$ cat work03.cif   # mmCIF, C-alpha atoms
data_query
#
loop_
_atom_site.label_atom_id
_atom_site.label_comp_id
_atom_site.auth_asym_id
_atom_site.auth_seq_id
_atom_site.Cartn_x
_atom_site.Cartn_y
_atom_site.Cartn_z
CA GLY B 1 0.00 0.00 0.00
CA ASN B 2 0.91 3.67 -0.09
CA SER B 3 3.10 5.01 2.69
CA VAL B 4 5.17 8.05 3.65
CA THR B 5 8.29 8.09 5.82
CA GLN B 6 9.67 11.30 7.31
CA MET B 7 12.88 11.95 9.17
CA GLU B 8 12.36 11.63 12.87
CA GLY B 9 12.36 14.71 14.99
CA PRO B 10 12.49 16.79 16.87
CA VAL B 11 14.75 19.08 14.87
CA THR B 12 16.24 22.12 16.57
CA LEU B 13 18.06 24.83 14.61
CA SER B 14 19.28 28.34 15.12
CA GLU B 15 17.69 31.24 13.28
CA GLU B 16 19.02 31.69 9.70
CA ALA B 17 20.20 28.07 9.50
CA PHE B 18 19.50 25.88 6.47
CA LEU B 19 16.67 23.41 6.87
CA THR B 20 16.12 20.00 5.30
CA ILE B 21 13.36 17.63 6.36
CA ASN B 22 13.55 14.33 4.51
CA CYS B 23 10.49 12.59 3.11
CA THR B 24 10.34 9.40 1.07
CA TYR B 25 7.29 7.58 -0.19
CA THR B 26 6.04 4.27 -1.51
CA ALA B 27 3.17 4.36 -3.97
CA THR B 28 1.69 2.77 -7.02
CA GLY B 29 0.93 4.98 -9.96
CA TYR B 30 1.64 8.71 -9.99
CA PRO B 31 0.61 10.31 -6.72
CA SER B 32 0.61 13.99 -5.84
CA LEU B 33 2.87 15.02 -2.97
CA PHE B 34 2.21 17.64 -0.30
CA TRP B 35 3.79 19.33 2.68
CA TYR B 36 1.47 20.52 5.42
CA VAL B 37 2.40 22.61 8.46
CA GLN B 38 0.74 22.62 11.88
CA TYR B 39 1.30 25.51 14.26
CA PRO B 40 0.64 24.97 17.97
CA GLY B 41 -3.03 24.52 18.77
CA GLU B 42 -4.14 24.71 15.14
CA GLY B 43 -5.17 22.43 12.32
CA LEU B 44 -2.93 21.61 9.39
CA GLN B 45 -2.35 24.10 6.57
CA LEU B 46 -1.15 23.29 3.09
CA LEU B 47 2.40 24.60 2.63
CA LEU B 48 3.20 23.40 -0.89
CA LYS B 49 2.49 20.65 -3.35
CA ALA B 50 3.78 18.95 -6.51
CA THR B 51 1.68 16.88 -8.86
CA LYS B 52 4.21 15.20 -11.16
CA ALA B 53 7.82 14.14 -11.37
CA ASP B 54 10.39 16.98 -11.36
CA ASP B 55 7.78 19.53 -10.26
CA LYS B 56 9.01 21.94 -7.60
CA GLY B 57 6.54 23.25 -5.07
CA SER B 58 7.39 26.47 -3.24
CA ASN B 59 5.81 28.79 -0.69
CA LYS B 60 7.03 31.18 2.03
CA GLY B 61 10.68 30.38 1.20
CA PHE B 62 10.15 26.62 1.47
CA GLU B 63 10.78 24.35 -1.51
CA ALA B 64 10.41 20.66 -2.32
CA THR B 65 11.07 18.79 -5.57
CA TYR B 66 9.18 15.66 -6.61
CA ARG B 67 11.92 13.10 -7.33
CA LYS B 68 10.48 9.94 -8.84
CA GLU B 69 13.84 8.24 -9.25
CA THR B 70 14.54 8.45 -5.50
CA THR B 71 10.85 8.48 -4.42
CA SER B 72 11.54 11.58 -2.35
CA PHE B 73 10.03 14.98 -1.62
CA HIS B 74 12.44 16.65 0.80
CA LEU B 75 11.48 20.01 2.30
CA GLU B 76 14.14 22.75 2.29
CA LYS B 77 14.45 26.35 3.37
CA GLY B 78 17.58 28.44 3.04
CA SER B 79 17.22 30.59 6.17
CA VAL B 80 14.73 29.64 8.87
CA GLN B 81 13.01 32.02 11.25
CA VAL B 82 11.64 31.56 14.76
CA SER B 83 8.14 31.79 13.26
CA ASP B 84 8.83 28.58 11.27
CA SER B 85 8.67 26.56 14.49
CA ALA B 86 5.88 24.04 13.90
CA VAL B 87 5.21 20.41 13.02
CA TYR B 88 5.67 19.54 9.35
CA PHE B 89 3.86 16.67 7.64
CA CYS B 90 4.67 15.12 4.31
CA ALA B 91 1.67 13.55 2.55
CA LEU B 92 0.89 11.54 -0.54
CA GLY B 93 -2.36 11.90 -2.46
CA ALA B 94 -3.89 8.86 -4.11
CA HIS B 95 -6.80 9.38 -6.45
CA ARG B 96 -9.89 7.46 -5.38
CA GLN B 97 -13.48 7.88 -6.54
CA GLY B 98 -12.87 11.30 -7.99
CA ALA B 99 -10.98 12.70 -5.02
CA GLN B 100 -7.56 12.55 -3.46
CA LYS B 101 -7.13 10.49 -0.30
CA LEU B 102 -4.09 11.59 1.66
CA VAL B 103 -1.62 9.38 3.48
CA PHE B 104 0.48 11.31 6.01
CA GLY B 105 3.92 10.80 7.44
CA GLN B 106 4.29 10.88 11.20
CA GLY B 107 5.31 14.54 11.31
CA THR B 108 8.57 16.30 12.18
CA ARG B 109 8.62 18.86 14.98
CA LEU B 110 10.85 21.83 14.17
CA THR B 111 12.03 24.33 16.75
CA ILE B 112 13.99 27.43 15.75
CA ASN B 113 15.95 29.22 18.45
CA PRO B 114 16.73 32.94 18.19
CA ASN Y 1 -16.06 32.51 4.37
CA ALA Y 2 -15.44 30.49 7.55
CA GLY Y 3 -13.70 27.53 5.88
CA VAL Y 4 -13.98 24.37 7.98
CA THR Y 5 -15.51 24.67 11.44
CA GLN Y 6 -15.58 22.03 14.18
CA THR Y 7 -17.40 21.84 17.48
CA PRO Y 8 -16.74 21.33 20.30
CA LYS Y 9 -13.09 22.34 20.78
CA PHE Y 10 -12.69 20.19 23.88
CA GLN Y 11 -14.71 17.28 25.26
CA VAL Y 12 -14.36 14.86 28.16
CA LEU Y 13 -16.38 11.65 28.05
CA LYS Y 14 -16.72 8.68 30.33
CA THR Y 15 -16.18 5.20 28.94
CA GLY Y 16 -19.35 3.98 27.22
CA GLN Y 17 -20.84 7.41 26.52
CA SER Y 18 -21.70 8.43 22.97
CA MET Y 19 -21.31 11.77 21.29
CA THR Y 20 -21.21 13.51 17.93
CA LEU Y 21 -18.38 15.72 16.70
CA GLN Y 22 -19.69 18.34 14.33
CA CYS Y 23 -17.98 19.51 11.14
CA ALA Y 24 -19.16 22.01 8.56
CA GLN Y 25 -17.58 23.65 5.52
CA ASP Y 26 -18.73 26.52 3.33
CA MET Y 27 -16.45 25.97 0.32
CA ASN Y 28 -18.83 23.63 -1.55
CA HIS Y 29 -16.25 20.84 -1.51
CA GLU Y 30 -17.55 17.39 -2.35
CA TYR Y 31 -14.78 15.54 -0.52
CA MET Y 32 -14.64 15.57 3.27
CA SER Y 33 -12.76 13.44 5.75
CA TRP Y 34 -12.14 12.78 9.42
CA TYR Y 35 -8.71 12.10 10.90
CA ARG Y 36 -7.39 11.39 14.33
CA GLN Y 37 -3.99 12.62 15.43
CA ASP Y 38 -2.01 10.74 18.01
CA PRO Y 39 1.55 11.48 19.19
CA GLY Y 40 4.19 10.04 16.87
CA MET Y 41 1.61 8.62 14.45
CA GLY Y 42 0.74 11.49 12.19
CA LEU Y 43 -2.86 11.68 11.00
CA ARG Y 44 -4.88 8.55 10.37
CA LEU Y 45 -7.99 8.56 8.21
CA ILE Y 46 -11.16 7.42 10.00
CA HIS Y 47 -13.91 7.93 7.41
CA TYR Y 48 -14.35 9.97 4.28
CA SER Y 49 -17.09 11.09 1.93
CA VAL Y 50 -16.98 11.95 -1.77
CA GLY Y 51 -20.37 13.65 -1.74
CA ALA Y 52 -23.76 13.80 -0.06
CA GLY Y 53 -25.03 10.31 0.65
CA ILE Y 54 -21.66 8.61 -0.03
CA THR Y 55 -19.28 7.60 2.73
CA ASP Y 56 -16.53 5.03 3.10
CA GLN Y 57 -14.12 3.71 5.69
CA GLY Y 58 -10.58 4.87 6.10
CA GLU Y 59 -7.68 3.29 7.94
CA VAL Y 60 -9.15 3.25 11.48
CA PRO Y 61 -12.99 3.20 11.26
CA ASN Y 62 -13.85 0.93 14.19
CA GLY Y 63 -15.95 2.62 16.87
CA TYR Y 64 -16.98 5.53 14.64
CA ASN Y 65 -19.93 6.22 12.35
CA VAL Y 66 -20.49 8.97 9.80
CA SER Y 67 -23.25 10.20 7.54
CA ARG Y 68 -23.38 12.91 4.90
CA SER Y 69 -26.85 14.27 4.29
CA THR Y 70 -25.69 17.63 2.90
CA THR Y 71 -22.58 18.90 1.12
CA GLU Y 72 -21.81 21.21 4.05
CA ASP Y 73 -21.99 18.88 7.06
CA PHE Y 74 -20.07 15.73 7.96
CA PRO Y 75 -20.60 14.68 11.60
CA LEU Y 76 -18.59 11.95 13.29
CA ARG Y 77 -20.32 9.79 15.88
CA LEU Y 78 -18.62 7.85 18.64
CA LEU Y 79 -20.96 5.01 19.50
CA SER Y 80 -19.52 3.88 22.85
CA ALA Y 81 -16.42 5.83 23.83
CA ALA Y 82 -13.29 3.98 24.92
CA PRO Y 83 -10.03 5.33 26.39
CA SER Y 84 -8.28 4.32 23.15
CA GLN Y 85 -10.33 7.01 21.40
CA THR Y 86 -8.61 9.76 23.39
CA SER Y 87 -7.11 11.84 20.61
CA VAL Y 88 -7.33 15.05 18.64
CA TYR Y 89 -9.85 14.84 15.81
CA PHE Y 90 -9.59 16.87 12.63
CA CYS Y 91 -12.16 17.31 9.92
CA ALA Y 92 -11.04 18.37 6.46
CA SER Y 93 -12.58 19.22 3.13
CA SER Y 94 -10.72 18.94 -0.12
CA THR Y 95 -10.56 20.31 -3.63
CA PRO Y 96 -10.63 17.69 -6.42
CA THR Y 97 -6.85 18.12 -6.82
CA GLY Y 98 -6.13 17.20 -3.24
CA GLU Y 99 -5.61 20.45 -1.35
CA GLN Y 100 -7.15 19.73 2.01
CA TYR Y 101 -8.48 22.44 4.32
CA PHE Y 102 -8.51 21.46 7.98
CA GLY Y 103 -10.68 22.55 10.86
CA PRO Y 104 -9.14 23.64 14.18
CA GLY Y 105 -9.64 20.23 15.79
CA THR Y 106 -11.50 18.70 18.72
CA ARG Y 107 -9.47 17.44 21.67
CA LEU Y 108 -11.29 14.44 23.14
CA THR Y 109 -10.44 12.73 26.41
CA VAL Y 110 -12.16 9.49 27.40
CA THR Y 111 -11.80 8.50 31.06
#

$ encode --input "work03.cif" --output "structure tokens"
Amino acid sequence: GNSVTQMEGPVTLSEEAFLTINCTYTATGYPSLFWYVQYPGEGLQLLLKATKADDKGSNKGFEATYRKETTSFHLEKGSVQVSDSAVYFCALGAHRQGAQKLVFGQGTRLTINP
Amino acid sequence: NAGVTQTPKFQVLKTGQSMTLQCAQDMNHEYMSWYRQDPGMGLRLIHYSVGAGITDQGEVPNGYNVSRSTTEDFPLRLLSAAPSQTSVYFCASSTPTGEQYFGPGTRLTVT
């Protein structure tokens, strides 16, 4: 079946450091890939997405490239801020009955220190 | 435009009690879903619906029922609460291309 594996957290960085959160997936067919972010006490928000191989999703300085050859969708940001502290979820979308069912990774907690 | 709303925000139940978690969306999305979030396990799909009158089971459906009588509403019913159902519950609605919009969550404790 479809599955998503994220690097284990928690991850702690200093402000302005470079961020990478690894995500790999197992899927049949050609899924869409997503990164969601959850701030404390809130629901998840879509951060970025990519729908086919070699697509790059980007938003708020974050980027991720859909790599079919390595089945990966790693999240990167060149210079993190304290406000980026949150839990990040990688997800895979499988098309079922006219809609996309999402399978989530376990989440990676990121803390940025000033 | 309120997006996805959930009530209540917090709930404490005793083992064996039943309750309904409410979810509503005003984006006219056909696809809605319920997840539970437990520490270290990400989000797991409980039930989903692809339109009014159509529902199906997700990964962890046991102990939960759903119905979808309108496009806007998708309530989740706990039939007989158990401590294992202590969790944070999220409702989401989705565009056809998979962008999911989540509600703020309901934190449920079963004692």

$ atom_distance --input "work03.cif" --atom1 "CA of Thr20 in chain Y" --atom2 "CA of Thr5 in chain Y"
14.1 Å

$ interface_residues --input "work03.cif" --of "chain B" --to "chain Y" --cutoff "8 Å" --atoms "only C-alpha atoms" --output "PyMOL selection string"
chain B and resi 32+41-46+89+93+97-107

$ write_last_selection --input "work03.cif" --atoms "C-alpha atoms" --output "JSON list (two decimals), in the frame of the given file"
[["chain", "number", "residue", "atom", "x", "y", "z"],
["B", 32, "SER", "CA", 0.61, 13.99, -5.84],
["B", 41, "GLY", "CA", -3.03, 24.52, 18.77],
["B", 42, "GLU", "CA", -4.14, 24.71, 15.14],
["B", 43, "GLY", "CA", -5.17, 22.43, 12.32],
["B", 44, "LEU", "CA", -2.93, 21.61, 9.39],
["B", 45, "GLN", "CA", -2.35, 24.10, 6.57],
["B", 46, "LEU", "CA", -1.15, 23.29, 3.09],
["B", 89, "PHE", "CA", 3.86, 16.67, 7.64],
["B", 93, "GLY", "CA", -2.36, 11.90, -2.46],
["B", 97, "GLN", "CA", -13.48, 7.88, -6.54],
["B", 98, "GLY", "CA", -12.87, 11.30, -7.99],
["B", 99, "ALA", "CA", -10.98, 12.70, -5.02],
["B", 100, "GLN", "CA", -7.56, 12.55, -3.46],
["B", 101, "LYS", "CA", -7.13, 10.49, -0.30],
["B", 102, "LEU", "CA", -4.09, 11.59, 1.66],
["B", 103, "VAL", "CA", -1.62, 9.38, 3.48],
["B", 104, "PHE", "CA", 0.48, 11.31, 6.01],
["B", 105, "GLY", "CA", 3.92, 10.80, 7.44],
["B", 106, "GLN", "CA", 4.29, 10.88, 11.20],
["B", 107, "GLY", "CA", 5.31, 14.54, 11.31]]

$ resolve_selection --input "work03.cif" --expression "the PyMOL selection byres ((chain B and resi 110) around 7)" --output "number ranges by chain"
B: 10-12, 85-87, 108-109, 111-112

$ residues_around --input "work03.cif" --residues "range 64-81 of chain B" --least-positions-apart "4" --cutoff "10 Å" --atoms "only C-alpha atoms" --output "PyMOL selection string"
chain B and resi 4-7+13-27+30+32-35+48-60+85+88-92+111-114

$ resolve_selection --input "work03.cif" --expression "the PyMOL selection byres ((chain Y and resi 72-83) around 9)" --output "MDAnalysis selection string"
chainID Y and resid 13:30 32:34 47:49 52 63:71 84:86 91 109:111

$ atom_distance --input "work03.cif" --atom1 "CA of Asn62 in chain Y" --atom2 "CA of Val37 in chain B"
27.7 Å

$ atom_distance --input "work03.cif" --atom1 "CA of Ala94 in chain B" --atom2 "CA of Gln6 in chain Y"
25.4 Å

$ closest_residue --input "work03.cif" --among "Y:Ser87, Y:Leu108, Y:Ile54, Y:Val60" --to "Thr7 in chain Y" --atoms "all atoms listed in the file"
Y:Leu108

$ axis_aligned_box --input "work03.cif" --around "range 25-33 of chain Y" --padding-each-side "6 Å" --output "AutoDock Vina command-line options"
--center_x -15.8 --center_y 20.0 --center_z 1.7 --size_x 18.1 --size_y 25.1 --size_z 20.1

$ closest_residue --input "work03.cif" --among "B:Ser83, B:Phe62, B:Gly9, B:His95" --to "Pro40 in chain B" --atoms "all atoms listed in the file"
B:Ser83

$ build_atoms --input "work03.cif" --residues "range 87-98 of chain Y" --atoms "all heavy atoms" --output "short mmCIF file (atom, residue, chain, number, x, y, z; two decimals), in the coordinates of the input"
data_model
loop_
_atom_site.label_atom_id
_atom_site.label_comp_id
_atom_site.auth_asym_id
_atom_site.auth_seq_id
_atom_site.Cartn_x
_atom_site.Cartn_y
_atom_site.Cartn_z
N SER Y 87 -7.89 11.40 21.76
CA SER Y 87 -7.11 11.84 20.61
C SER Y 87 -7.53 13.27 20.25
O SER Y 87 -8.43 13.84 20.87
CB SER Y 87 -7.36 10.90 19.42
OG SER Y 87 -6.49 11.20 18.35
N VAL Y 88 -6.88 13.80 19.25
CA VAL Y 88 -7.33 15.05 18.64
C VAL Y 88 -7.92 14.71 17.28
O VAL Y 88 -7.28 14.01 16.48
CB VAL Y 88 -6.18 16.07 18.48
CG1 VAL Y 88 -6.71 17.36 17.88
CG2 VAL Y 88 -5.51 16.34 19.82
N TYR Y 89 -9.13 15.18 17.03
CA TYR Y 89 -9.85 14.84 15.81
C TYR Y 89 -9.91 16.05 14.89
O TYR Y 89 -10.28 17.15 15.30
CB TYR Y 89 -11.26 14.36 16.15
CG TYR Y 89 -11.26 13.04 16.86
CD1 TYR Y 89 -11.09 12.96 18.25
CD2 TYR Y 89 -11.40 11.86 16.15
CE1 TYR Y 89 -11.06 11.74 18.89
CE2 TYR Y 89 -11.37 10.63 16.79
CZ TYR Y 89 -11.19 10.58 18.15
OH TYR Y 89 -11.16 9.36 18.79
N PHE Y 90 -9.54 15.82 13.64
CA PHE Y 90 -9.59 16.87 12.63
C PHE Y 90 -10.52 16.48 11.50
O PHE Y 90 -10.47 15.36 11.00
CB PHE Y 90 -8.20 17.13 12.05
CG PHE Y 90 -7.26 17.81 13.00
CD1 PHE Y 90 -6.31 17.09 13.69
CD2 PHE Y 90 -7.34 19.18 13.20
CE1 PHE Y 90 -5.45 17.71 14.58
CE2 PHE Y 90 -6.47 19.81 14.09
CZ PHE Y 90 -5.53 19.07 14.77
N CYS Y 91 -11.33 17.44 11.11
CA CYS Y 91 -12.16 17.31 9.92
C CYS Y 91 -11.49 18.11 8.82
O CYS Y 91 -10.84 19.14 9.08
CB CYS Y 91 -13.55 17.87 10.21
SG CYS Y 91 -14.68 17.85 8.82
N ALA Y 92 -11.62 17.65 7.58
CA ALA Y 92 -11.04 18.37 6.46
C ALA Y 92 -11.95 18.28 5.25
O ALA Y 92 -12.69 17.30 5.09
CB ALA Y 92 -9.66 17.80 6.11
N SER Y 93 -11.91 19.30 4.43
CA SER Y 93 -12.58 19.22 3.13
C SER Y 93 -11.52 19.47 2.07
O SER Y 93 -10.49 20.09 2.34
CB SER Y 93 -13.73 20.22 3.01
OG SER Y 93 -13.25 21.54 2.90
N SER Y 94 -11.79 18.99 0.87
CA SER Y 94 -10.72 18.94 -0.12
C SER Y 94 -11.21 19.37 -1.48
O SER Y 94 -12.34 19.07 -1.89
CB SER Y 94 -10.18 17.51 -0.22
OG SER Y 94 -9.26 17.37 -1.27
N THR Y 95 -10.31 20.06 -2.21
CA THR Y 95 -10.56 20.31 -3.63
C THR Y 95 -10.36 19.00 -4.40
O THR Y 95 -9.73 18.07 -3.89
CB THR Y 95 -9.60 21.37 -4.17
OG1 THR Y 95 -8.27 20.81 -4.17
CG2 THR Y 95 -9.62 22.62 -3.31
N PRO Y 96 -10.84 18.92 -5.63
CA PRO Y 96 -10.63 17.69 -6.42
C PRO Y 96 -9.16 17.38 -6.67
O PRO Y 96 -8.81 16.23 -6.93
CB PRO Y 96 -11.36 17.99 -7.73
CG PRO Y 96 -12.38 18.99 -7.37
CD PRO Y 96 -11.75 19.85 -6.31
N THR Y 97 -8.27 18.37 -6.58
CA THR Y 97 -6.85 18.12 -6.82
C THR Y 97 -6.08 17.85 -5.54
O THR Y 97 -4.85 17.75 -5.57
CB THR Y 97 -6.21 19.30 -7.56
OG1 THR Y 97 -6.53 20.50 -6.85
CG2 THR Y 97 -6.74 19.39 -8.98
N GLY Y 98 -6.77 17.71 -4.43
CA GLY Y 98 -6.13 17.20 -3.24
C GLY Y 98 -5.74 18.20 -2.18
O GLY Y 98 -5.22 17.81 -1.14
#
